[in-house]
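First comes the structure, then the notes that go with it.
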Amino acid sequence: MIKIRSPSRLHLSLIDMNAEIGRVDGGVGITLDSPNITLSAEKHDGIEITGGSSLSDRVYGAVEALLPEGEGIKVHVEEDMPPHVGLGSGTQIALSAAAAVNELYGLGMSVKELAIRVGRGGTSGIGVASFENGGFLVDCGHKFSEKGSFSPSSASRADPAPVIFRNDLPDWDIILALPDSKGAHDAQEVDIFKKECPIPLQEVQEVSHVVLMQMMPSIIEGDIENFGMALNHLQTVGFKKREVALQSPAVRDLIEFMQDLGAAGAGMSSFGPVVFGVVDHRRIAEQIRKEAQLFLDETVGGNVVLTRANNSGAKIWKD
């Protein structure tokens, strides 16, 4: 039997949703130590998915795309993540299921090849790279001439974007708030891309400047103050600004609430509603967690936990 534990991820920002100089997308993200998707798999007659995951259809589609003709698999989802909240659950569970087939049947495929087969990573390469290596990641998007449109991964057949920067995230605490709501997805997500893009070039240049000259150096140097300033800045410009504006007032207020409570920086992942803050003192992190939990209890409901970065990617082992 094969077991696979796949990490969640935070998508901090898309970089270039203008495409004037020929590329589109680009992404910045952090791989998380938890929550995770954990599944076990073994050879079987036919395809059987157990565990009651809300993403069982993704598992089925992924194994169906990889299984050699006439072969089968039984997949049990032991640990699940909620879909459409900003943690990248769809990519992670599809890659986990594909990796299970890859291991059981000795297909010898790379993570990128698996992602292409299951149709993930068409806008951002962050989720695929989180599965493969973990850490803090920046990808360079796609040639616009090849992708041909402003569209989310769910509606894009482009290959996963190449990673141009990867570094271990320092040992900072991450306060992770999961409101009881869903972010934009499927047709709604496609409509948002069509409505909001192209983003003005000046904003794209501003995002690029912050990522290249403030956020990336701060990761290398372990400078949480500048990382936090960069994270806060990204919430106010470019495509991320539009993503945040679509959220409920409670979710938008929670970002500022974490900042006011002492987080070095706070933001929203992808289309949300997951909100996170970054802190380098456990006592402060625990206090922010408690206060943020009270905030959610009094507004939209949800749960707040502490986690850290995953700097190694998915784990695959024989049980």
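Residue numbering restarts at 1 for every chain of the structure tokens, chains are lettered A, B, ... in their displayed order, and ligands are numbered from 1 as they appear.
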Skipping near chain neighbours, those fewer than 3 positions away, what residues fall within 10 Å of A:Pro68 using only C-alpha atoms, listed as a PDB file with N, CA, C and O atoms, in the first residue's frame?
ATOM      1  N   VAL A  63      -7.111   9.429 -11.238  1.00  0.00           N
ATOM      2  CA  VAL A  63      -6.645   8.044 -11.399  1.00  0.00           C
ATOM      3  C   VAL A  63      -7.079   7.479 -12.752  1.00  0.00           C
ATOM      4  O   VAL A  63      -6.345   6.714 -13.385  1.00  0.00           O
ATOM      5  N   GLU A  64      -8.243   7.890 -13.221  1.00  0.00           N
ATOM      6  CA  GLU A  64      -8.723   7.434 -14.528  1.00  0.00           C
ATOM      7  C   GLU A  64      -7.796   7.904 -15.646  1.00  0.00           C
ATOM      8  O   GLU A  64      -7.576   7.205 -16.639  1.00  0.00           O
ATOM      9  N   ALA A  65      -7.236   9.123 -15.458  1.00  0.00           N
ATOM     10  CA  ALA A  65      -6.342   9.681 -16.476  1.00  0.00           C
ATOM     11  C   ALA A  65      -4.984   8.989 -16.512  1.00  0.00           C
ATOM     12  O   ALA A  65      -4.277   9.066 -17.516  1.00  0.00           O
ATOM     13  N   GLU A  71      -6.227  -1.869 -15.657  1.00  0.00           N
ATOM     14  CA  GLU A  71      -5.807  -1.883 -14.258  1.00  0.00           C
ATOM     15  C   GLU A  71      -6.775  -1.069 -13.400  1.00  0.00           C
ATOM     16  O   GLU A  71      -7.581  -0.279 -13.911  1.00  0.00           O
ATOM     17  N   GLY A  72      -6.680  -1.249 -12.084  1.00  0.00           N
ATOM     18  CA  GLY A  72      -7.561  -0.538 -11.165  1.00  0.00           C
ATOM     19  C   GLY A  72      -6.830  -0.082  -9.918  1.00  0.00           C
ATOM     20  O   GLY A  72      -5.648  -0.389  -9.712  1.00  0.00           O
ATOM     21  N   VAL A 101      -1.079   6.338  -8.444  1.00  0.00           N
ATOM     22  CA  VAL A 101      -1.044   5.465  -9.622  1.00  0.00           C
ATOM     23  C   VAL A 101       0.390   5.341 -10.148  1.00  0.00           C
ATOM     24  O   VAL A 101       0.864   4.248 -10.496  1.00  0.00           O
ATOM     25  N   ASN A 102       1.077   6.465 -10.202  1.00  0.00           N
ATOM     26  CA  ASN A 102       2.455   6.501 -10.688  1.00  0.00           C
ATOM     27  C   ASN A 102       3.352   5.560  -9.897  1.00  0.00           C
ATOM     28  O   ASN A 102       4.165   4.819 -10.473  1.00  0.00           O
ATOM     29  N   TYR A 105       2.100   1.576 -10.110  1.00  0.00           N
ATOM     30  CA  TYR A 105       2.290   0.928 -11.406  1.00  0.00           C
ATOM     31  C   TYR A 105       3.631   1.264 -12.064  1.00  0.00           C
ATOM     32  O   TYR A 105       3.858   0.929 -13.225  1.00  0.00           O
ATOM     33  N   LEU A 107       5.100   3.993 -13.242  1.00  0.00           N
ATOM     34  CA  LEU A 107       5.025   4.725 -14.504  1.00  0.00           C
ATOM     35  C   LEU A 107       6.221   5.637 -14.739  1.00  0.00           C
ATOM     36  O   LEU A 107       6.497   6.033 -15.875  1.00  0.00           O
TER      37      LEU A 107
END
*Pick out each residue of stretch 35-280 of chain A that DSSP on the backbone tags as strand (DSSP E or B); I need them as a ChimeraX atom specification.*
/A:35-43,47-50,73-79,136-139,142-143,163-167,173-179,265-268,275-279
Keeping C-alpha atoms, export the residues of the selection given above as a PDB file, in the first residue's frame.
ATOM      1  CA  PRO A  35      -3.685  21.350   6.716  1.00  0.00           C
ATOM      2  CA  ASN A  36      -2.886  18.354   4.520  1.00  0.00           C
ATOM      3  CA  ILE A  37      -4.504  15.834   2.244  1.00  0.00           C
ATOM      4  CA  THR A  38      -3.555  12.272   3.158  1.00  0.00           C
ATOM      5  CA  LEU A  39      -4.589   9.255   1.161  1.00  0.00           C
ATOM      6  CA  SER A  40      -3.707   5.577   0.935  1.00  0.00           C
ATOM      7  CA  ALA A  41      -3.903   3.525  -2.242  1.00  0.00           C
ATOM      8  CA  GLU A  42      -3.524  -0.057  -3.395  1.00  0.00           C
ATOM      9  CA  LYS A  43      -4.096  -2.037  -6.571  1.00  0.00           C
ATOM     10  CA  ILE A  47     -11.698   2.135  -9.406  1.00  0.00           C
ATOM     11  CA  GLU A  48     -12.951   2.599  -5.837  1.00  0.00           C
ATOM     12  CA  ILE A  49     -12.766   5.874  -3.873  1.00  0.00           C
ATOM     13  CA  THR A  50     -13.571   5.829  -0.146  1.00  0.00           C
ATOM     14  CA  ILE A  73      -6.964   1.176  -7.840  1.00  0.00           C
ATOM     15  CA  LYS A  74      -8.607   1.675  -4.452  1.00  0.00           C
ATOM     16  CA  VAL A  75      -7.995   5.095  -2.916  1.00  0.00           C
ATOM     17  CA  HIS A  76      -8.976   5.974   0.643  1.00  0.00           C
ATOM     18  CA  VAL A  77      -8.915   9.676   1.571  1.00  0.00           C
ATOM     19  CA  GLU A  78      -7.808   9.709   5.204  1.00  0.00           C
ATOM     20  CA  GLU A  79      -7.385  13.458   5.669  1.00  0.00           C
ATOM     21  CA  PHE A 136       8.405  29.904  -0.823  1.00  0.00           C
ATOM     22  CA  LEU A 137       7.854  29.948  -4.575  1.00  0.00           C
ATOM     23  CA  VAL A 138       7.681  32.363  -7.498  1.00  0.00           C
ATOM     24  CA  ASP A 139       6.688  31.222 -10.988  1.00  0.00           C
ATOM     25  CA  HIS A 142       3.027  31.546 -19.475  1.00  0.00           C
ATOM     26  CA  LYS A 143       3.599  32.987 -22.926  1.00  0.00           C
ATOM     27  CA  VAL A 163       9.315  28.123 -11.088  1.00  0.00           C
ATOM     28  CA  ILE A 164      11.999  30.812 -11.239  1.00  0.00           C
ATOM     29  CA  PHE A 165      12.617  31.191  -7.491  1.00  0.00           C
ATOM     30  CA  ARG A 166      12.372  28.732  -4.613  1.00  0.00           C
ATOM     31  CA  ASN A 167      13.673  29.175  -1.082  1.00  0.00           C
ATOM     32  CA  ASP A 173       4.488  31.132  12.633  1.00  0.00           C
ATOM     33  CA  ILE A 174       1.552  31.455  10.254  1.00  0.00           C
ATOM     34  CA  ILE A 175      -1.886  32.214  11.683  1.00  0.00           C
ATOM     35  CA  LEU A 176      -4.404  30.596   9.363  1.00  0.00           C
ATOM     36  CA  ALA A 177      -8.045  31.716   9.535  1.00  0.00           C
ATOM     37  CA  LEU A 178     -10.645  29.648   7.666  1.00  0.00           C
ATOM     38  CA  PRO A 179     -14.010  31.468   7.574  1.00  0.00           C
ATOM     39  CA  GLY A 265       1.956  41.081   7.511  1.00  0.00           C
ATOM     40  CA  ALA A 266      -1.422  39.633   6.654  1.00  0.00           C
ATOM     41  CA  GLY A 267      -3.278  38.770   3.501  1.00  0.00           C
ATOM     42  CA  MET A 268      -5.741  36.561   1.693  1.00  0.00           C
ATOM     43  CA  VAL A 275      -6.826  34.862   5.623  1.00  0.00           C
ATOM     44  CA  PHE A 276      -3.353  34.480   7.113  1.00  0.00           C
ATOM     45  CA  GLY A 277      -0.862  36.438   9.160  1.00  0.00           C
ATOM     46  CA  VAL A 278       2.890  35.951   9.594  1.00  0.00           C
ATOM     47  CA  VAL A 279       4.645  36.329  12.963  1.00  0.00           C
TER      48      VAL A 279
END
*Neighbour list for A:Ala309 as a list in words, cut-off 10 Å, only C-alpha atoms, skip fewer than 6 positions in-chain*: Pro7, Ser8, Arg9, Leu10, Ile30, Thr31, Leu32, Asp33, Ser34, Gly134, Gly135, Phe136, Asp168, Leu169, Pro170, Asp171, Trp172, Asp173 and Ile174 of chain A
*Find the residues near stretch 286-290 of chain A: any atom within 7 Å, counting only C-alpha atoms, skip ones fewer than 6 places away on the same chain, and give them as number ranges by chain.*
A: 175, 258, 261, 304-305
*Kindly indicate which residue among A:Phe131, A:Phe227, A:Trp317, A:Phe144 lies nearest to A:Ala19, using only C-alpha atoms for the distances.*
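Going through A:Phe131, A:Phe227, A:Trp317, A:Phe144 one by one, the smallest distance to A:Ala19 is for A:Phe144.
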*asked:* When you look at A:Ala250 with a cut-off of 9 Å (counting only C-alpha atoms), what residues show up, excluding the ones that are within fewer than 2 positions of it in the same chain? I need them as a list in words.
replied: Gln247, Ser248, Arg252, Asp253, Leu254, Ile255, Phe295, Leu296, Thr299 and Val300 of chain A
Could you save those same residues with C-alpha atoms as a PDB file, in the first residue's frame?
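Below is the file again-v4.pdb, written as the result:
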ATOM      1  CA  GLN A 247     -14.870  39.288  -0.252  1.00  0.00           C
ATOM      2  CA  SER A 248     -17.379  39.940   2.500  1.00  0.00           C
ATOM      3  CA  ARG A 252     -11.605  42.139   4.445  1.00  0.00           C
ATOM      4  CA  ASP A 253     -11.731  43.403   8.022  1.00  0.00           C
ATOM      5  CA  LEU A 254      -9.961  40.268   9.282  1.00  0.00           C
ATOM      6  CA  ILE A 255      -6.884  41.111   7.190  1.00  0.00           C
ATOM      7  CA  PHE A 295     -13.595  37.716  15.518  1.00  0.00           C
ATOM      8  CA  LEU A 296     -14.808  34.814  13.370  1.00  0.00           C
ATOM      9  CA  THR A 299     -19.026  37.395  12.405  1.00  0.00           C
ATOM     10  CA  VAL A 300     -19.038  34.618   9.769  1.00  0.00           C
TER      11      VAL A 300
END
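With distances taken over only C-alpha atoms, A:Leu234 is the one residue among A:Ala292, A:Leu234, A:Leu67, A:Ile2 lying closest to A:Ser208.
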